[in-house]
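Data from coords-v1.cif: mmCIF, C-alpha atoms and all ligand atoms
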```cif
data_entry
loop_
_atom_site.label_atom_id
_atom_site.label_comp_id
_atom_site.auth_asym_id
_atom_site.auth_seq_id
_atom_site.Cartn_x
_atom_site.Cartn_y
_atom_site.Cartn_z
CA MET A 31 0.00 0.00 0.00
CA PHE A 32 1.19 3.48 -0.76
CA GLU A 33 0.90 6.16 1.88
CA VAL A 34 -2.18 8.36 1.65
CA VAL A 35 -1.33 12.02 1.26
CA GLU A 36 -2.98 14.00 4.01
CA ILE A 37 -1.11 17.22 4.70
CA ILE A 38 -2.45 20.70 3.90
CA ASP A 39 -0.82 24.13 3.51
CA ILE A 40 -3.53 26.69 4.28
CA HIS A 41 -1.43 29.72 3.32
CA CYS A 42 1.08 30.22 0.54
CA HIS A 43 1.68 32.45 -2.48
CA LEU A 44 2.34 30.28 -5.53
CA THR A 45 1.54 33.28 -7.75
CA PHE A 46 4.57 35.24 -6.57
CA LYS A 47 7.50 36.08 -8.85
CA GLU A 48 9.80 33.75 -6.89
CA TYR A 49 8.10 30.88 -8.78
CA ASP A 50 7.99 32.47 -12.24
CA ALA A 51 10.84 30.33 -13.53
CA ASP A 52 9.54 26.93 -12.36
CA ARG A 53 5.95 27.31 -11.11
CA ALA A 54 4.59 24.21 -12.89
CA GLN A 55 7.33 22.06 -11.39
CA VAL A 56 6.83 23.51 -7.90
CA ILE A 57 3.12 22.70 -8.09
CA ALA A 58 3.75 19.20 -9.51
CA ASP A 59 6.16 18.51 -6.63
CA ALA A 60 3.67 19.85 -4.09
CA GLU A 61 0.90 17.67 -5.52
CA LYS A 62 2.94 14.56 -4.75
CA VAL A 63 3.11 15.39 -1.05
CA LEU A 64 0.06 17.49 -0.15
CA ARG A 65 -3.68 16.98 -0.16
CA CYS A 66 -4.28 20.63 -1.10
CA VAL A 67 -3.07 24.22 -0.63
CA VAL A 68 -4.75 27.59 -0.17
CA ILE A 69 -3.26 30.57 -1.99
CA SER A 70 -4.18 34.07 -0.86
CA GLY A 71 -4.42 36.96 -3.33
CA VAL A 72 -2.83 40.09 -1.88
CA GLU A 73 -3.95 42.73 -4.43
CA PRO A 74 -6.03 42.91 -7.64
CA GLU A 75 -3.42 41.72 -10.14
CA ASP A 76 -2.23 38.91 -7.88
CA SER A 77 -5.85 37.87 -7.31
CA THR A 78 -6.55 37.59 -11.04
CA HIS A 79 -3.47 35.39 -11.31
CA ALA A 80 -4.54 33.31 -8.29
CA ILE A 81 -7.95 32.55 -9.79
CA ALA A 82 -6.38 31.51 -13.10
CA LEU A 83 -3.84 29.28 -11.34
CA ALA A 84 -6.51 27.59 -9.22
CA ALA A 85 -8.61 26.92 -12.33
CA MET A 86 -5.66 24.94 -13.72
CA HIS A 87 -5.41 22.86 -10.52
CA GLU A 88 -8.97 22.26 -9.39
CA HIS A 89 -9.37 20.43 -6.05
CA PHE A 90 -5.69 21.06 -5.29
CA ILE A 91 -5.35 24.85 -5.22
CA PHE A 92 -8.03 26.78 -3.34
CA VAL A 93 -8.15 30.58 -3.31
CA THR A 94 -8.91 33.39 -0.90
CA LEU A 95 -8.87 36.99 -2.11
CA GLY A 96 -8.04 40.09 -0.12
CA LEU A 97 -6.01 43.26 0.06
CA HIS A 98 -2.86 42.82 2.13
CA PRO A 99 -2.40 45.81 4.49
CA ILE A 100 0.96 46.72 2.94
CA HIS A 101 -0.78 47.21 -0.45
CA VAL A 102 -3.68 49.35 0.78
CA SER A 103 -1.93 52.70 0.18
CA GLU A 104 -1.34 51.85 -3.50
CA TYR A 105 -5.07 52.01 -4.30
CA THR A 106 -7.73 54.72 -4.38
CA ASP A 107 -11.16 54.18 -2.88
CA GLN A 108 -12.48 53.78 -6.40
CA ASP A 109 -9.91 51.09 -7.23
CA ILE A 110 -10.87 49.24 -4.08
CA GLU A 111 -14.54 49.51 -4.89
CA ARG A 112 -13.89 47.91 -8.29
CA TYR A 113 -11.77 45.23 -6.66
CA VAL A 114 -14.49 44.41 -4.14
CA GLU A 115 -16.89 44.02 -7.05
CA PHE A 116 -14.43 41.68 -8.77
CA ILE A 117 -14.24 39.54 -5.63
CA SER A 118 -18.04 39.41 -5.32
CA GLU A 119 -18.32 38.35 -8.95
CA ASN A 120 -15.84 35.54 -8.30
CA LYS A 121 -17.47 34.40 -5.06
CA ARG A 122 -18.01 30.85 -6.30
CA LYS A 123 -14.34 30.46 -7.18
CA ILE A 124 -13.03 31.37 -3.74
CA VAL A 125 -13.12 29.85 -0.25
CA GLY A 126 -12.42 32.97 1.82
CA ILE A 127 -11.51 36.65 2.09
CA GLY A 128 -7.84 37.44 2.76
CA GLU A 129 -5.26 38.08 3.44
CA ILE A 130 -6.43 41.24 5.16
CA GLY A 131 -5.45 42.91 8.41
CA LEU A 132 -2.93 45.24 10.02
CA ASP A 133 0.82 45.58 9.66
CA TYR A 134 2.66 47.82 12.09
CA HIS A 135 6.00 46.45 11.03
CA TRP A 136 5.76 48.18 7.63
CA ILE A 137 3.07 50.80 8.21
CA ARG A 138 4.00 53.48 10.77
CA ASP A 139 2.34 56.64 9.48
CA PRO A 140 -0.82 57.34 11.56
CA LYS A 141 -2.81 58.46 8.49
CA LYS A 142 -1.93 55.27 6.64
CA ILE A 143 -2.71 53.19 9.72
CA LYS A 144 -6.15 54.78 9.93
CA ARG A 145 -6.93 54.00 6.31
CA THR A 146 -5.57 50.45 6.62
CA LYS A 147 -8.03 49.86 9.46
CA GLU A 148 -10.93 51.28 7.47
CA ILE A 149 -10.15 49.04 4.51
CA PHE A 150 -9.68 46.06 6.84
CA VAL A 151 -13.20 46.62 8.20
CA GLU A 152 -14.55 47.06 4.66
CA PHE A 153 -13.21 43.62 3.72
CA LEU A 154 -14.63 42.10 6.91
CA GLU A 155 -18.01 43.48 5.85
CA LEU A 156 -17.49 41.91 2.45
CA ALA A 157 -16.75 38.54 4.08
CA LYS A 158 -19.98 38.74 6.03
CA GLU A 159 -21.93 39.73 2.94
CA LEU A 160 -20.50 36.80 0.96
CA ASP A 161 -20.65 34.47 3.98
CA LEU A 162 -16.97 33.54 3.72
CA PRO A 163 -14.27 33.01 6.37
CA VAL A 164 -11.39 35.50 6.70
CA VAL A 165 -7.63 34.96 6.58
CA LEU A 166 -5.93 37.51 8.85
CA HIS A 167 -2.48 39.04 8.55
CA LEU A 168 -1.65 40.82 11.83
CA ARG A 169 1.95 41.80 12.30
CA GLY A 170 4.18 43.85 14.66
CA THR A 171 4.92 45.70 16.98
CA GLY A 172 4.84 43.11 19.75
CA SER A 173 1.32 41.77 20.01
CA GLU A 174 -0.43 45.10 19.35
CA ALA A 175 -1.63 44.24 15.83
CA ILE A 176 -2.92 40.82 16.89
CA GLU A 177 -4.76 42.19 19.92
CA GLU A 178 -6.32 44.99 17.90
CA GLY A 179 -7.19 42.65 15.05
CA LEU A 180 -8.86 40.23 17.46
CA LYS A 181 -10.96 43.06 18.88
CA ILE A 182 -11.95 44.28 15.42
CA VAL A 183 -13.01 40.85 14.09
CA SER A 184 -14.97 40.05 17.22
CA ASP A 185 -16.62 43.53 17.29
CA GLU A 186 -17.51 43.01 13.64
CA ASP A 187 -19.13 39.75 14.68
CA ILE A 188 -17.02 37.65 12.31
CA LYS A 189 -17.81 33.98 12.88
CA LYS A 190 -15.01 32.25 10.97
CA ALA A 191 -11.43 33.51 10.95
CA VAL A 192 -7.89 32.18 10.91
CA PHE A 193 -4.95 34.11 12.35
CA HIS A 194 -2.36 33.23 9.72
CA CYS A 195 1.31 32.87 10.69
CA PHE A 196 0.60 33.38 14.36
CA THR A 197 3.60 34.98 16.09
CA GLY A 198 1.96 36.07 19.35
CA LYS A 199 2.23 34.68 22.86
CA PRO A 200 0.50 31.41 23.84
CA LEU A 201 -1.90 33.32 26.10
CA LEU A 202 -3.08 35.43 23.18
CA ALA A 203 -3.55 32.29 21.07
CA GLU A 204 -5.77 30.93 23.84
CA GLN A 205 -7.85 34.13 23.81
CA ILE A 206 -8.28 33.80 20.04
CA CYS A 207 -9.44 30.20 20.44
CA LYS A 208 -11.92 31.20 23.15
CA GLU A 209 -13.61 33.30 20.47
CA GLY A 210 -13.76 30.20 18.27
CA TYR A 211 -11.14 31.46 15.80
CA TYR A 212 -8.35 29.36 14.30
CA VAL A 213 -4.60 29.80 14.73
CA SER A 214 -2.26 28.80 11.90
CA LEU A 215 1.39 27.95 12.53
CA PRO A 216 4.17 28.20 9.91
CA ALA A 217 7.21 26.00 9.25
CA ILE A 218 9.50 28.35 11.23
CA ILE A 219 7.91 26.73 14.30
CA ALA A 220 11.11 24.67 14.44
CA ARG A 221 12.96 27.85 15.44
CA SER A 222 10.32 29.34 17.76
CA LYS A 223 9.84 28.31 21.36
CA SER A 224 6.72 30.44 21.63
CA MET A 225 5.10 28.81 18.56
CA ARG A 226 5.86 25.37 19.96
CA LYS A 227 4.04 26.34 23.17
CA VAL A 228 1.06 27.50 21.10
CA ALA A 229 1.03 24.13 19.30
CA LYS A 230 0.92 22.39 22.66
CA ARG A 231 -1.63 24.54 24.48
CA ILE A 232 -4.48 25.45 22.14
CA PRO A 233 -7.23 22.98 21.19
CA LEU A 234 -6.23 20.73 18.29
CA SER A 235 -9.65 21.49 16.78
CA LEU A 236 -8.57 25.12 16.16
CA LEU A 237 -5.05 24.57 14.83
CA LEU A 238 -4.00 24.95 11.21
CA THR A 239 -0.77 24.49 9.27
CA GLU A 240 0.90 26.68 6.67
CA THR A 241 4.16 27.74 5.02
CA ASP A 242 3.55 31.34 3.79
CA ALA A 243 5.83 30.23 0.93
CA PRO A 244 7.89 31.66 -0.72
CA TYR A 245 8.61 33.31 2.64
CA LEU A 246 9.46 31.91 6.08
CA SER A 247 11.41 28.85 4.99
CA PRO A 248 12.38 26.46 7.78
CA VAL A 249 15.86 26.70 6.26
CA GLU A 250 16.95 30.34 6.46
CA GLU A 251 17.67 32.16 3.16
CA GLU A 252 16.05 29.39 1.13
CA ARG A 253 12.90 29.78 -0.98
CA ASN A 254 10.05 28.09 0.86
CA VAL A 255 7.73 25.52 -0.78
CA PRO A 256 4.38 24.05 0.36
CA GLN A 257 5.77 20.59 1.15
CA ASN A 258 7.76 22.14 4.03
CA VAL A 259 4.45 22.25 5.90
CA GLU A 260 5.40 18.73 6.95
CA VAL A 261 7.68 20.30 9.59
CA VAL A 262 4.64 21.87 11.25
CA TYR A 263 2.81 18.53 11.45
CA GLU A 264 5.86 16.87 12.98
CA GLU A 265 6.29 19.63 15.54
CA ILE A 266 2.60 19.63 16.52
CA SER A 267 2.74 15.84 16.96
CA ARG A 268 5.88 16.13 19.07
CA GLN A 269 4.49 18.91 21.27
CA ARG A 270 1.17 17.15 21.85
CA LYS A 271 2.73 13.68 22.18
CA SER A 272 0.30 12.52 19.57
CA ASP A 273 0.80 10.45 16.42
CA VAL A 274 1.02 12.29 13.10
CA GLU A 275 -2.12 10.56 11.75
CA THR A 276 -4.24 12.07 14.53
CA VAL A 277 -2.86 15.53 13.75
CA GLU A 278 -3.40 15.05 10.02
CA GLU A 279 -7.00 14.02 10.53
CA ALA A 280 -7.68 16.95 12.87
CA ILE A 281 -6.13 19.53 10.52
CA GLU A 282 -8.10 18.15 7.59
CA ASN A 283 -11.33 18.44 9.59
CA ASN A 284 -10.40 21.97 10.69
CA PHE A 285 -9.67 22.97 7.11
CA ALA A 286 -13.01 21.55 5.91
CA ARG A 287 -14.92 23.24 8.74
CA LEU A 288 -13.28 26.66 8.31
CA PHE A 289 -13.32 26.91 4.51
CA GLY A 290 -16.45 24.85 3.89
CA VAL A 291 -14.59 22.50 1.56
CA ALA A 292 -15.21 18.75 1.75
CA LEU A 293 -12.10 16.84 0.71
CA ARG A 294 -13.64 13.39 0.59
ZN ZN B 1 0.73 35.63 3.08
#
```
Turn this file's structure into structure tokens for me.
Ligand SMILES: [Zn+2]
Amino acid sequence: MFEVVEIIDIHCHLTFKEYDADRAQVIADAEKVLRCVVISGVEPEDSTHAIALAAMHEHFIFVTLGLHPIHVSEYTDQDIERYVEFISENKRKIVGIGEIGLDYHWIRDPKKIKRTKEIFVEFLELAKELDLPVVLHLRGTGSEAIEEGLKIVSDEDIKKAVFHCFTGKPLLAEQICKEGYYVSLPAIIARSKSMRKVAKRIPLSLLLTETDAPYLSPVEEERNVPQNVEVVYEEISRQRKSDVETVEEAIENNFARLFGVALR
């Protein structure tokens, strides 16, 4: 018997230029090891590309569309309005809204921060309107962005959300889970004591696994690829003293529950 492929990468960017030279090969290699991946459009052009790429790999590549906070300042309100329309029109081709959120690592100007928040809320409204889950990018300084983001999504009465590439403290992860939201851990977990604690402490039913490829490779300086998500499964199993099959089954169920996608 051959081994059944069960692992899932819920967040990567196979549309990015880092894969321009060998994208087909990267996807073919990923298909050998993974059950499926979710790619997240970060701005209009990337989103158009993401939809086209997913159409070529049905049942393997799933798509969420959003406006990454670092791209917000590049677009006028009118551009964003058109983009929101584009997303609505493509509702049936996507499984979520994101990535969206706050980024205090790159955005420091108070005016820009204010607008980023407004656009974030606008996309949360869109998610509610389309009845889709949200993929959240909340970064820097310290845990400020994550705490604020958590408050915003819960005030907005968002029911389904995943905190992608969670870098906060274990206590904050527990607060997120109390609200019923998911926490996704990346392959750099191997280098992060705090992430390992998160993997151990939060309910397995709210954990997800990702790479954020091409970024955040478990091997520094190297281009990341979806199959590296395996590291996250191994680490979760180790931390929870559980066998990998149990973790695989749980993550698959979590994925299906969050994104409303049945894999079997
Ligand atoms: Zn991302």
Go through A:Ile182, A:Ala191, A:Leu95, A:Val114 and flag the residue nearest ligand ZN 1 (chain B), using all atoms listed in the file for the distances.
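Result for the nearest residue to ligand ZN 1 (chain B): A:Leu95.
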Measure the distance from atom CA of Ser222 of chain A to atom CA of Asn284 of chain A in Å and round it to one decimal.
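Atom CA of Asn284 of chain A lies at a distance of 23.1 Å from atom CA of Ser222 of chain A.
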Restricting the calculation to all atoms listed in the file, which member of A:His167, A:Arg65, A:Lys230, A:Lys271 is positioned closest to ligand ZN 1 (chain B)?
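Of A:His167, A:Arg65, A:Lys230, A:Lys271, the one nearest ligand ZN 1 (chain B) is A:His167, counting all atoms listed in the file.
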A:Glu61, A:Asp39, A:Glu178, A:Glu209 ranked by distance to ligand ZN 1 (chain B), top pick (using all atoms listed in the file):
A:Asp39
Please determine, counting only C-alpha atoms, which residue among A:Ser118, A:Thr171, A:Glu152, A:Arg112 has the shortest atom-to-atom distance to His135 of chain A.
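The answer is A:Thr171, which sits nearest to His135 of chain A.
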Taking (-20.3, 32.4, 12.6) in the file's coordinates, which residues come within 10 Å, counting only C-alpha atoms, written as a PyMOL selection string?
chain A and resi 158+161-163+187-191+210-211
Given 7 Å and all atoms listed in the file, residues near ligand ZN 1 (chain B) as a VMD selection string:
chain A and resid 41 to 43 70 129 242
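With atom CA of Glu264 of chain A on one side and atom CA of Lys62 of chain A on the other, the separation reads 18.1 Å.
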Residues within 12 Å of Tyr113 of chain A, only C-alpha atoms, excluding chain neighbours under 6 positions, as a PDB file with C-alpha atoms, in the frame of the given file:
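Result file is out04.pdb:
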```pdb
ATOM      1  CA  GLY A  71      -4.420  36.960  -3.330  1.00  0.00           C
ATOM      2  CA  VAL A  72      -2.830  40.090  -1.880  1.00  0.00           C
ATOM      3  CA  GLU A  73      -3.950  42.730  -4.430  1.00  0.00           C
ATOM      4  CA  PRO A  74      -6.030  42.910  -7.640  1.00  0.00           C
ATOM      5  CA  GLU A  75      -3.420  41.720 -10.140  1.00  0.00           C
ATOM      6  CA  ASP A  76      -2.230  38.910  -7.880  1.00  0.00           C
ATOM      7  CA  SER A  77      -5.850  37.870  -7.310  1.00  0.00           C
ATOM      8  CA  THR A  78      -6.550  37.590 -11.040  1.00  0.00           C
ATOM      9  CA  LEU A  95      -8.870  36.990  -2.110  1.00  0.00           C
ATOM     10  CA  GLY A  96      -8.040  40.090  -0.120  1.00  0.00           C
ATOM     11  CA  LEU A  97      -6.010  43.260   0.060  1.00  0.00           C
ATOM     12  CA  VAL A 102      -3.680  49.350   0.780  1.00  0.00           C
ATOM     13  CA  TYR A 105      -5.070  52.010  -4.300  1.00  0.00           C
ATOM     14  CA  THR A 106      -7.730  54.720  -4.380  1.00  0.00           C
ATOM     15  CA  ASP A 107     -11.160  54.180  -2.880  1.00  0.00           C
ATOM     16  CA  GLU A 119     -18.320  38.350  -8.950  1.00  0.00           C
ATOM     17  CA  ASN A 120     -15.840  35.540  -8.300  1.00  0.00           C
ATOM     18  CA  ILE A 149     -10.150  49.040   4.510  1.00  0.00           C
ATOM     19  CA  GLU A 152     -14.550  47.060   4.660  1.00  0.00           C
ATOM     20  CA  PHE A 153     -13.210  43.620   3.720  1.00  0.00           C
ATOM     21  CA  LEU A 156     -17.490  41.910   2.450  1.00  0.00           C
TER      22      LEU A 156
END
```
Tell me, in Å to one decimal, how far atom CA of Glu155 of chain A is from atom CA of Lys121 of chain A.
14.2 Å
